[in-house]
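Shown below: protein-v9.cif, with mmCIF, C-alpha atoms.
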```cif
data_run
#
loop_
_atom_site.label_atom_id
_atom_site.label_comp_id
_atom_site.auth_asym_id
_atom_site.auth_seq_id
_atom_site.Cartn_x
_atom_site.Cartn_y
_atom_site.Cartn_z
CA MET A 1 0.06 -28.42 -5.26
CA ASN A 2 -0.82 -30.18 -8.48
CA LYS A 3 -0.36 -27.26 -10.83
CA VAL A 4 2.37 -26.12 -13.16
CA ILE A 5 3.86 -22.80 -12.04
CA THR A 6 5.31 -20.43 -14.63
CA ILE A 7 7.71 -17.67 -13.65
CA GLY A 8 8.11 -14.60 -15.83
CA ARG A 9 10.82 -12.25 -14.61
CA GLU A 10 12.58 -8.97 -15.15
CA PHE A 11 16.31 -9.49 -15.64
CA GLY A 12 18.07 -9.29 -12.28
CA SER A 13 14.91 -9.56 -10.17
CA GLY A 14 15.71 -13.03 -8.82
CA GLY A 15 12.99 -14.89 -10.73
CA ARG A 16 15.15 -17.89 -11.56
CA GLU A 17 16.24 -18.34 -7.96
CA ILE A 18 12.67 -18.00 -6.72
CA GLY A 19 11.57 -20.65 -9.20
CA LEU A 20 14.38 -22.96 -8.09
CA ARG A 21 13.54 -22.59 -4.40
CA LEU A 22 9.83 -23.05 -5.08
CA ALA A 23 10.51 -26.28 -6.95
CA GLU A 24 12.68 -27.51 -4.06
CA LYS A 25 10.04 -26.62 -1.47
CA LEU A 26 7.29 -28.29 -3.51
CA ASN A 27 9.50 -31.17 -4.52
CA ILE A 28 8.67 -30.83 -8.20
CA PRO A 29 10.93 -30.48 -11.29
CA PHE A 30 12.42 -27.12 -12.26
CA TYR A 31 12.97 -26.07 -15.88
CA ASP A 32 14.88 -23.03 -17.08
CA LYS A 33 18.00 -23.54 -19.21
CA GLU A 34 17.11 -27.25 -19.23
CA ILE A 35 14.52 -26.38 -21.87
CA ILE A 36 17.31 -25.57 -24.32
CA SER A 37 18.60 -29.15 -24.53
CA LEU A 38 15.06 -30.55 -24.57
CA THR A 39 14.15 -28.21 -27.44
CA ALA A 40 17.30 -29.22 -29.29
CA GLN A 41 16.34 -32.89 -28.96
CA ASP A 42 12.73 -32.23 -29.93
CA GLY A 43 13.52 -30.14 -33.01
CA GLY A 44 16.72 -31.85 -34.11
CA PHE A 45 18.91 -28.78 -33.48
CA SER A 46 22.21 -28.55 -31.65
CA PRO A 47 21.90 -27.16 -28.08
CA ASP A 48 24.34 -24.33 -28.88
CA PHE A 49 22.24 -23.35 -31.86
CA VAL A 50 19.06 -23.24 -29.75
CA ALA A 51 20.89 -21.29 -27.03
CA SER A 52 21.97 -18.68 -29.59
CA TYR A 53 18.28 -18.07 -30.35
CA GLU A 54 17.26 -17.84 -26.67
CA GLU A 55 14.34 -15.45 -26.40
CA SER A 56 15.02 -13.84 -29.76
CA TYR A 57 13.17 -13.87 -33.06
CA THR A 58 13.75 -13.08 -36.70
CA PRO A 59 11.08 -10.90 -38.32
CA TYR A 60 9.64 -12.41 -41.48
CA PHE A 61 11.94 -11.85 -44.40
CA ASN A 62 11.50 -13.17 -47.87
CA PRO A 63 14.64 -13.03 -50.00
CA SER A 64 12.67 -13.72 -53.19
CA ILE A 65 10.91 -10.35 -52.87
CA THR A 66 14.11 -8.37 -52.42
CA LEU A 67 15.57 -10.16 -55.42
CA GLY A 68 12.76 -8.83 -57.56
CA SER A 69 10.82 -12.06 -57.97
CA VAL A 70 7.07 -11.75 -58.28
CA PHE A 71 6.68 -15.11 -56.56
CA ALA A 72 6.57 -14.79 -52.78
CA VAL A 73 8.04 -18.06 -51.49
CA TYR A 74 7.40 -18.28 -47.80
CA GLU A 75 10.30 -19.47 -45.71
CA GLN A 76 9.73 -20.03 -41.99
CA PRO A 77 12.41 -18.26 -39.93
CA ILE A 78 14.58 -20.58 -37.85
CA SER A 79 13.56 -18.70 -34.68
CA ASP A 80 9.94 -19.68 -35.38
CA LYS A 81 10.93 -23.33 -35.79
CA ILE A 82 12.74 -23.19 -32.47
CA PHE A 83 9.76 -21.49 -30.81
CA LEU A 84 7.43 -24.22 -32.07
CA ALA A 85 9.75 -26.97 -30.80
CA GLN A 86 10.01 -25.18 -27.47
CA THR A 87 6.24 -24.84 -27.25
CA HIS A 88 5.94 -28.56 -27.83
CA VAL A 89 8.50 -29.26 -25.08
CA ILE A 90 6.75 -26.94 -22.60
CA LYS A 91 3.35 -28.54 -23.28
CA SER A 92 4.86 -32.01 -22.85
CA LEU A 93 6.52 -31.07 -19.55
CA ALA A 94 3.26 -29.61 -18.27
CA ALA A 95 1.38 -32.74 -19.31
CA SER A 96 3.81 -34.87 -17.29
CA GLY A 97 2.83 -33.27 -13.99
CA PRO A 98 3.47 -30.31 -11.68
CA CYS A 99 6.70 -28.38 -12.30
CA VAL A 100 8.15 -24.87 -12.33
CA ILE A 101 9.00 -23.34 -15.73
CA VAL A 102 10.93 -20.08 -16.05
CA GLY A 103 10.47 -17.68 -19.00
CA ARG A 104 10.04 -18.71 -22.64
CA CYS A 105 6.40 -17.51 -22.89
CA ALA A 106 5.39 -20.51 -20.76
CA ASP A 107 2.71 -18.40 -19.06
CA TYR A 108 1.15 -17.79 -22.48
CA ILE A 109 1.61 -21.34 -23.76
CA LEU A 110 0.00 -22.72 -20.56
CA ARG A 111 -2.33 -19.76 -20.01
CA ASP A 112 -5.44 -21.82 -19.28
CA THR A 113 -3.93 -24.24 -16.77
CA ALA A 114 -0.80 -22.90 -15.04
CA ILE A 115 -0.42 -20.62 -12.05
CA LYS A 116 1.40 -17.67 -13.55
CA VAL A 117 3.80 -15.60 -11.47
CA PHE A 118 5.78 -12.53 -12.51
CA VAL A 119 8.83 -11.40 -10.53
CA TYR A 120 10.23 -7.88 -10.76
CA ALA A 121 12.32 -5.45 -8.74
CA ASN A 122 13.51 -1.87 -8.60
CA MET A 123 16.36 -1.08 -11.00
CA GLU A 124 18.80 -0.27 -8.20
CA ASP A 125 18.34 -3.73 -6.66
CA ARG A 126 18.59 -5.44 -10.04
CA ILE A 127 21.90 -3.70 -10.72
CA LYS A 128 23.24 -4.74 -7.29
CA ARG A 129 22.13 -8.32 -7.81
CA LYS A 130 23.71 -8.67 -11.23
CA LEU A 131 26.94 -7.00 -10.12
CA ALA A 132 27.17 -9.47 -7.22
CA MET A 133 26.70 -12.32 -9.72
CA ASP A 134 29.73 -11.08 -11.66
CA ILE A 135 28.29 -11.68 -15.13
CA GLY A 136 31.11 -9.83 -16.86
CA VAL A 137 29.34 -6.52 -17.42
CA PRO A 138 31.08 -3.47 -15.92
CA GLU A 139 29.17 -1.46 -13.32
CA GLN A 140 28.81 1.60 -15.56
CA ASN A 141 27.11 -0.52 -18.26
CA MET A 142 24.89 -2.65 -16.06
CA ARG A 143 21.72 -0.52 -16.19
CA LYS A 144 21.89 -0.40 -19.99
CA HIS A 145 22.52 -4.16 -20.14
CA ILE A 146 19.54 -4.91 -17.88
CA LEU A 147 17.26 -2.69 -19.94
CA SER A 148 18.44 -4.32 -23.16
CA VAL A 149 17.71 -7.84 -21.85
CA ASP A 150 14.26 -6.74 -20.68
CA LYS A 151 13.58 -5.14 -24.06
CA LYS A 152 14.59 -8.34 -25.82
CA ARG A 153 12.23 -10.37 -23.61
CA LEU A 154 9.41 -7.90 -24.16
CA LYS A 155 9.82 -7.97 -27.94
CA TYR A 156 10.10 -11.76 -28.03
CA TYR A 157 6.98 -12.14 -25.89
CA GLN A 158 5.01 -9.66 -27.97
CA TYR A 159 6.11 -11.27 -31.23
CA TYR A 160 4.98 -14.76 -30.25
CA THR A 161 1.97 -14.04 -28.05
CA ASP A 162 0.62 -10.71 -29.30
CA ALA A 163 0.32 -9.80 -25.60
CA THR A 164 2.37 -7.49 -23.39
CA TRP A 165 5.18 -8.95 -21.29
CA GLY A 166 4.75 -7.87 -17.66
CA ALA A 167 1.08 -6.80 -18.09
CA LEU A 168 -0.92 -7.75 -15.00
CA SER A 169 -3.67 -9.61 -16.78
CA ASN A 170 -1.24 -12.35 -17.88
CA TYR A 171 -0.47 -13.35 -14.30
CA HIS A 172 -2.01 -14.54 -11.04
CA LEU A 173 0.58 -12.85 -8.87
CA CYS A 174 3.29 -10.22 -9.42
CA VAL A 175 5.90 -9.84 -6.70
CA ASN A 176 8.42 -7.02 -6.35
CA THR A 177 11.44 -8.60 -4.68
CA SER A 178 12.79 -5.19 -3.63
CA GLY A 179 10.32 -5.25 -0.75
CA VAL A 180 10.77 -8.77 0.58
CA GLY A 181 13.92 -10.27 -0.95
CA ILE A 182 14.12 -13.69 -2.56
CA GLN A 183 13.14 -15.76 0.45
CA GLY A 184 10.20 -13.46 1.23
CA ALA A 185 8.99 -13.70 -2.36
CA VAL A 186 9.13 -17.51 -2.20
CA LEU A 187 6.93 -17.43 0.92
CA VAL A 188 4.46 -15.05 -0.77
CA VAL A 189 4.15 -17.33 -3.81
CA LEU A 190 3.74 -20.39 -1.56
CA CYS A 191 0.99 -18.54 0.30
CA TYR A 192 -0.79 -17.78 -2.99
CA LEU A 193 -0.44 -21.42 -4.08
CA SER A 194 -1.82 -22.75 -0.80
CA ASN A 195 -4.91 -20.54 -1.13
CA ILE A 196 -5.90 -21.36 -4.71
CA VAL A 197 -9.67 -21.70 -4.83
CA MET B 198 3.43 -3.47 10.78
CA ASN B 199 4.29 0.20 11.04
CA LYS B 200 3.72 1.12 7.41
CA VAL B 201 0.93 2.73 5.47
CA ILE B 202 -0.59 0.32 2.94
CA THR B 203 -2.14 1.68 -0.23
CA ILE B 204 -4.55 -0.39 -2.31
CA GLY B 205 -5.05 0.32 -6.00
CA ARG B 206 -7.76 -1.80 -7.56
CA GLU B 207 -9.58 -2.69 -10.70
CA PHE B 208 -13.32 -2.09 -10.35
CA GLY B 209 -14.99 -5.26 -9.11
CA SER B 210 -11.79 -7.01 -8.07
CA GLY B 211 -12.50 -6.82 -4.33
CA GLY B 212 -9.80 -4.27 -3.50
CA ARG B 213 -11.93 -2.32 -1.06
CA GLU B 214 -12.93 -5.44 0.86
CA ILE B 215 -9.33 -6.64 0.98
CA GLY B 216 -8.25 -3.27 2.34
CA LEU B 217 -11.00 -3.37 4.96
CA ARG B 218 -10.08 -6.87 6.14
CA LEU B 219 -6.37 -6.00 6.20
CA ALA B 220 -7.05 -2.98 8.38
CA GLU B 221 -9.14 -5.14 10.74
CA LYS B 222 -6.42 -7.82 10.93
CA LEU B 223 -3.71 -5.24 11.55
CA ASN B 224 -5.92 -3.16 13.82
CA ILE B 225 -5.18 0.06 11.95
CA PRO B 226 -7.52 2.69 10.42
CA PHE B 227 -9.08 2.17 6.98
CA TYR B 228 -9.75 5.03 4.56
CA ASP B 229 -11.74 4.84 1.36
CA LYS B 230 -14.88 6.96 1.02
CA GLU B 231 -13.91 8.52 4.36
CA ILE B 232 -11.42 10.61 2.43
CA ILE B 233 -14.29 12.47 0.76
CA SER B 234 -15.52 14.12 3.96
CA LEU B 235 -11.95 14.77 5.13
CA THR B 236 -11.14 16.44 1.79
CA ALA B 237 -14.33 18.50 2.03
CA GLN B 238 -13.30 19.73 5.48
CA ASP B 239 -9.73 20.39 4.38
CA GLY B 240 -10.60 22.34 1.25
CA GLY B 241 -13.80 24.02 2.42
CA PHE B 242 -16.03 22.12 -0.05
CA SER B 243 -19.30 20.32 0.57
CA PRO B 244 -18.92 16.50 0.75
CA ASP B 245 -21.44 16.05 -2.09
CA PHE B 246 -19.41 18.38 -4.27
CA VAL B 247 -16.18 16.44 -3.57
CA ALA B 248 -17.99 13.14 -4.18
CA SER B 249 -19.17 14.37 -7.58
CA TYR B 250 -15.52 14.88 -8.55
CA GLU B 251 -14.40 11.44 -7.26
CA GLU B 252 -11.51 10.24 -9.41
CA SER B 253 -12.30 12.62 -12.23
CA TYR B 254 -10.53 15.67 -13.61
CA THR B 255 -11.16 18.67 -15.81
CA PRO B 256 -8.56 19.26 -18.52
CA TYR B 257 -7.11 22.76 -18.47
CA PHE B 258 -9.43 25.23 -20.15
CA ASN B 259 -8.94 28.94 -20.40
CA PRO B 260 -12.09 30.89 -21.32
CA SER B 261 -10.12 34.06 -22.01
CA ILE B 262 -8.44 32.43 -25.00
CA THR B 263 -11.67 31.22 -26.53
CA LEU B 264 -13.12 34.71 -26.07
CA GLY B 265 -10.36 36.09 -28.22
CA SER B 266 -8.35 37.79 -25.49
CA VAL B 267 -4.60 37.90 -25.98
CA PHE B 268 -4.15 37.68 -22.20
CA ALA B 269 -4.08 34.10 -20.95
CA VAL B 270 -5.51 34.26 -17.44
CA TYR B 271 -4.86 30.96 -15.74
CA GLU B 272 -7.71 29.55 -13.75
CA GLN B 273 -7.14 26.38 -11.73
CA PRO B 274 -9.83 23.75 -12.45
CA ILE B 275 -11.93 22.78 -9.44
CA SER B 276 -10.87 19.13 -9.88
CA ASP B 277 -7.24 20.22 -9.35
CA LYS B 278 -8.18 22.09 -6.17
CA ILE B 279 -9.93 18.97 -4.89
CA PHE B 280 -6.95 16.79 -5.83
CA LEU B 281 -4.60 19.09 -3.92
CA ALA B 282 -6.83 19.06 -0.83
CA GLN B 283 -7.07 15.26 -1.10
CA THR B 284 -3.30 14.98 -1.40
CA HIS B 285 -2.95 17.05 1.77
CA VAL B 286 -5.43 14.81 3.57
CA ILE B 287 -3.66 11.61 2.44
CA LYS B 288 -0.26 12.92 3.54
CA SER B 289 -1.70 13.95 6.91
CA LEU B 290 -3.30 10.53 7.45
CA ALA B 291 -0.02 8.80 6.58
CA ALA B 292 1.89 11.07 8.94
CA SER B 293 -0.48 10.07 11.77
CA GLY B 294 0.56 6.42 11.65
CA PRO B 295 -0.08 3.09 9.92
CA CYS B 296 -3.34 2.81 8.00
CA VAL B 297 -4.86 1.37 4.81
CA ILE B 298 -5.80 3.83 2.05
CA VAL B 299 -7.79 2.73 -1.01
CA GLY B 300 -7.44 4.44 -4.41
CA ARG B 301 -7.09 8.19 -5.00
CA CYS B 302 -3.48 7.98 -6.28
CA ALA B 303 -2.35 7.30 -2.68
CA ASP B 304 0.33 4.92 -3.97
CA TYR B 305 1.81 7.80 -5.96
CA ILE B 306 1.36 10.42 -3.25
CA LEU B 307 3.07 8.11 -0.72
CA ARG B 308 5.37 6.42 -3.24
CA ASP B 309 8.52 6.68 -1.13
CA THR B 310 7.10 5.36 2.13
CA ALA B 311 3.99 3.17 1.68
CA ILE B 312 3.67 -0.51 0.86
CA LYS B 313 1.76 -0.40 -2.40
CA VAL B 314 -0.62 -3.17 -3.39
CA PHE B 315 -2.68 -3.52 -6.57
CA VAL B 316 -5.68 -5.83 -6.70
CA TYR B 317 -7.15 -7.10 -9.96
CA ALA B 318 -9.23 -9.98 -11.31
CA ASN B 319 -10.47 -11.61 -14.46
CA MET B 320 -13.39 -9.79 -16.10
CA GLU B 321 -15.79 -12.70 -15.61
CA ASP B 322 -15.22 -12.66 -11.84
CA ARG B 323 -15.52 -8.90 -11.67
CA ILE B 324 -18.87 -9.04 -13.46
CA LYS B 325 -20.11 -11.75 -11.07
CA ARG B 326 -18.95 -9.78 -8.06
CA LYS B 327 -20.62 -6.54 -9.12
CA LEU B 328 -23.84 -8.31 -10.10
CA ALA B 329 -23.94 -9.92 -6.64
CA MET B 330 -23.50 -6.46 -5.08
CA ASP B 331 -26.59 -5.26 -6.94
CA ILE B 332 -25.23 -1.82 -7.88
CA GLY B 333 -28.13 -1.05 -10.19
CA VAL B 334 -26.42 -1.89 -13.49
CA PRO B 335 -28.18 -4.55 -15.60
CA GLU B 336 -26.23 -7.72 -16.41
CA GLN B 337 -25.97 -6.92 -20.12
CA ASN B 338 -24.32 -3.56 -19.35
CA MET B 339 -21.99 -4.65 -16.55
CA ARG B 340 -18.89 -5.37 -18.63
CA LYS B 341 -19.15 -1.95 -20.29
CA HIS B 342 -19.72 -0.28 -16.92
CA ILE B 343 -16.66 -1.99 -15.37
CA LEU B 344 -14.48 -0.99 -18.29
CA SER B 345 -15.71 2.60 -18.10
CA VAL B 346 -14.90 2.88 -14.38
CA ASP B 347 -11.42 1.41 -14.98
CA LYS B 348 -10.87 3.83 -17.84
CA LYS B 349 -11.87 6.75 -15.62
CA ARG B 350 -9.42 5.60 -12.93
CA LEU B 351 -6.65 5.13 -15.48
CA LYS B 352 -7.15 8.62 -16.94
CA TYR B 353 -7.37 10.24 -13.53
CA TYR B 354 -4.20 8.49 -12.37
CA GLN B 355 -2.32 9.40 -15.55
CA TYR B 356 -3.46 13.00 -15.39
CA TYR B 357 -2.26 13.58 -11.84
CA THR B 358 0.79 11.31 -11.66
CA ASP B 359 2.07 11.10 -15.24
CA ALA B 360 2.43 7.37 -14.56
CA THR B 361 0.40 4.37 -15.70
CA TRP B 362 -2.33 3.01 -13.43
CA GLY B 363 -1.83 -0.72 -12.92
CA ALA B 364 1.81 -0.72 -14.17
CA LEU B 365 3.90 -3.13 -12.08
CA SER B 366 6.64 -0.67 -11.20
CA ASN B 367 4.21 1.41 -9.10
CA TYR B 368 3.55 -1.45 -6.70
CA HIS B 369 5.18 -3.91 -4.31
CA LEU B 370 2.63 -6.62 -4.90
CA CYS B 371 -0.15 -7.24 -7.45
CA VAL B 372 -2.70 -9.92 -6.61
CA ASN B 373 -5.24 -11.44 -8.97
CA THR B 374 -8.20 -12.37 -6.78
CA SER B 375 -9.57 -14.74 -9.41
CA GLY B 376 -7.03 -17.29 -8.22
CA VAL B 377 -7.39 -17.07 -4.45
CA GLY B 378 -10.55 -15.11 -3.65
CA ILE B 379 -10.75 -12.23 -1.20
CA GLN B 380 -9.66 -14.10 1.91
CA GLY B 381 -6.74 -15.72 0.07
CA ALA B 382 -5.60 -12.33 -1.22
CA VAL B 383 -5.69 -10.92 2.32
CA LEU B 384 -3.41 -13.75 3.48
CA VAL B 385 -1.02 -13.15 0.56
CA VAL B 386 -0.76 -9.44 1.37
CA LEU B 387 -0.24 -10.22 5.07
CA CYS B 388 2.53 -12.65 4.07
CA TYR B 389 4.21 -9.93 2.01
CA LEU B 390 3.89 -7.44 4.87
CA SER B 391 5.37 -9.85 7.40
CA ASN B 392 8.43 -10.41 5.18
CA ILE B 393 9.33 -6.80 4.42
CA VAL B 394 13.12 -6.49 4.59
#
```

Starting from the file, lay out its structure as structure tokens.
Amino acid sequence: MNKVITIGREFGSGGREIGLRLAEKLNIPFYDKEIISLTAQDGGFSPDFVASYEESYTPYFNPSITLGSVFAVYEQPISDKIFLAQTHVIKSLAASGPCVIVGRCADYILRDTAIKVFVYANMEDRIKRKLAMDIGVPEQNMRKHILSVDKKRLKYYQYYTDATWGALSNYHLCVNTSGVGIQGAVLVVLCYLSNIV
Amino acid sequence: MNKVITIGREFGSGGREIGLRLAEKLNIPFYDKEIISLTAQDGGFSPDFVASYEESYTPYFNPSITLGSVFAVYEQPISDKIFLAQTHVIKSLAASGPCVIVGRCADYILRDTAIKVFVYANMEDRIKRKLAMDIGVPEQNMRKHILSVDKKRLKYYQYYTDATWGALSNYHLCVNTSGVGIQGAVLVVLCYLSNIV
């Protein structure tokens, strides 16, 4: 396997774990949260600052207009600067050789070269999974929390790619882990990879 | 494998062929166009008549209203009668044992029991595939023809299921055949099936 594999994922579907196991099986690097520190280095930000902007964006806002000025002075939002640094990091990682990259619009950034996988699951299973991970969200709020994370990812993806997060045409393979679990999904992705034409 | 497998498919993606090969591999019945004659028998229609309504619908229309009557006499469109007969046929086939069923909202009709697969492909590959099949559409019109068939399927699906054709949540597995070809996609689906939890 000499390709970069990108993993998009619904929150709680097991996408990160699938990516991790795939990277282990294929003996290639795995990048998820690691991209935060690399982006911080690349853009000259602090890692905490980059983390606070994880998969979020600031719509264009020009204070000079609201202050009544007739001169529109463009100011690039910090979230855009972080996205550009992250894009640069993702392209550099991909240029270094095969790896697995989770989230962060990597499937869009590497759309012409990567094998793009999307992982999803039924809501009931996502709730169970996140409750078992004990992420500090009470059971009665978990569904709402999951939907809010998904919505954030969808908006972020749409803002930076002008495409729809989770739409089939962005991906080579979309696997519902509710049917086969994490290990089954890893085997399905490996099967796809070993049959690339 | 003791499950029914439904195959939704973009036009030209190879979904029918994948379904056929899966059924052969699993040694279970395959139903695609066969459902037309079964629906005709079930509903007392002629097969040609059912075929002419394949994956199409007639929006509700009440002639009494347009004629100025204050009495709204409901008349069920013929496409609805065919859909109901088809639904009955699909449920009966599923109740008889494992099989592969292509299209016709079978994934929705059997949503709680079937393993639901969606097959899709890049437009370029779909055009090539349909041109090679020589379906009587000139090369310059093929893209438009493919899009029109997809649109018809999408509208039909939405009309009868109130869900979105090709939306991830309807399916267990979505395979882009542009990456792995028909035979590769068959292996990927078999891998998913053999790992069902």

Could you jot down the atom CA of Ala40 of chain A to atom CA of Arg104 of chain A separation for me, Å, one decimal place?
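Result for atom CA of Ala40 of chain A versus atom CA of Arg104 of chain A: 14.4 Å, one decimal.
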
Centre, x/y/z edge lengths, axis-aligned box for segment 215-227 of chain B with 4 Å per side, as AutoDock Vina command-line options:
```
--center_x -7.4 --center_y -2.6 --center_z 7.4 --size_x 15.3 --size_y 18.5 --size_z 20.8
```

Evaluated on this file, the PyMOL selection byres ((chain B and resi 312) around 12) picks out some residues - which ones are they, written as a compact mmCIF listing (two decimals) with C-alpha atoms, in the frame of the given file?
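Saved result, out.txt, follows:
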```txt
# COMPACT_ATOMS: atom_id res chain seq x y z
CA ASN A 176 8.42 -7.02 -6.35
CA SER A 178 12.79 -5.19 -3.63
CA GLY A 179 10.32 -5.25 -0.75
CA VAL A 180 10.77 -8.77 0.58
CA MET B 198 3.43 -3.47 10.78
CA ASN B 199 4.29 0.20 11.04
CA LYS B 200 3.72 1.12 7.41
CA VAL B 201 0.93 2.73 5.47
CA ILE B 202 -0.59 0.32 2.94
CA THR B 203 -2.14 1.68 -0.23
CA ILE B 204 -4.55 -0.39 -2.31
CA GLY B 205 -5.05 0.32 -6.00
CA ALA B 291 -0.02 8.80 6.58
CA PRO B 295 -0.08 3.09 9.92
CA CYS B 296 -3.34 2.81 8.00
CA VAL B 297 -4.86 1.37 4.81
CA ILE B 298 -5.80 3.83 2.05
CA ALA B 303 -2.35 7.30 -2.68
CA ASP B 304 0.33 4.92 -3.97
CA TYR B 305 1.81 7.80 -5.96
CA ILE B 306 1.36 10.42 -3.25
CA LEU B 307 3.07 8.11 -0.72
CA ARG B 308 5.37 6.42 -3.24
CA ASP B 309 8.52 6.68 -1.13
CA THR B 310 7.10 5.36 2.13
CA ALA B 311 3.99 3.17 1.68
CA LYS B 313 1.76 -0.40 -2.40
CA VAL B 314 -0.62 -3.17 -3.39
CA PHE B 315 -2.68 -3.52 -6.57
CA ASN B 367 4.21 1.41 -9.10
CA TYR B 368 3.55 -1.45 -6.70
CA HIS B 369 5.18 -3.91 -4.31
CA LEU B 370 2.63 -6.62 -4.90
CA CYS B 371 -0.15 -7.24 -7.45
CA VAL B 386 -0.76 -9.44 1.37
CA LEU B 387 -0.24 -10.22 5.07
CA TYR B 389 4.21 -9.93 2.01
CA LEU B 390 3.89 -7.44 4.87
CA SER B 391 5.37 -9.85 7.40
CA ASN B 392 8.43 -10.41 5.18
CA ILE B 393 9.33 -6.80 4.42
CA VAL B 394 13.12 -6.49 4.59
```

Tell me which of A:Cys105, A:Ile146, A:Ile78, A:Met123 sits closest to chain B, counting all atoms listed in the file.
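Distance minimum relative to chain B lands on A:Met123.
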
Given the PyMOL selection byres ((chain A and resi 124) around 12), the residues it picks as JSON, numbers by chain:
{"A": [12, 13, 120, 121, 122, 123, 125, 126, 127, 128, 129, 130, 131, 139, 142, 143, 146, 177, 178]}

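Remark: for Asp347 of chain B, the closest of the candidate residues B:Gly378, B:Gly241, B:Pro335, B:Gly300 is B:Gly300 (distances computed over only C-alpha atoms).
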
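The interatomic distance for the pair atom CA of Leu20 of chain A and atom CA of Phe49 of chain A works out to 25.0 Å.
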
Go through B:Val346, B:Ile232, B:Ile279, B:Val316 and flag the residue nearest chain A, using all atoms listed in the file for the distances.
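Closest to chain A, using all atoms listed in the file: B:Val316.
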
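If you look at atom CA of Gly184 of chain A and atom CA of Lys288 of chain B, they are 28.5 Å away from each other.
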
Looking at B:Gly216, B:Thr255, B:Phe227, B:Glu221, which one is nearest to Lys352 of chain B, with distances taken over all atoms listed in the file?
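Among the listed residues, B:Thr255 lies closest to Lys352 of chain B.
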
For chain A, which of B:Glu207, B:Tyr354, B:His342, B:His285 is the closest residue, counting all atoms listed in the file?
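The closest residue to chain A is B:Glu207.
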
Considering all atoms listed in the file, return as an mmCIF file with C-alpha atoms, keeping the file's coordinate frame whatever protein or nucleic-acid residues lie within 8 Å of Pro47 of chain A, sequence-local ones (same chain, fewer than 5 positions apart) excluded.
```
data_model
loop_
_atom_site.group_PDB
_atom_site.id
_atom_site.type_symbol
_atom_site.label_atom_id
_atom_site.label_comp_id
_atom_site.auth_asym_id
_atom_site.auth_seq_id
_atom_site.Cartn_x
_atom_site.Cartn_y
_atom_site.Cartn_z
ATOM 1 C CA ILE A 36 17.310 -25.570 -24.320
ATOM 2 C CA SER A 37 18.600 -29.150 -24.530
ATOM 3 C CA THR A 39 14.150 -28.210 -27.440
ATOM 4 C CA ALA A 40 17.300 -29.220 -29.290
#
```

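Proximity to Val188 of chain A was assessed for A:Arg9, A:Met133, A:Ser169, A:Leu22 counting all atoms listed in the file; the smallest distance is recorded for A:Leu22.
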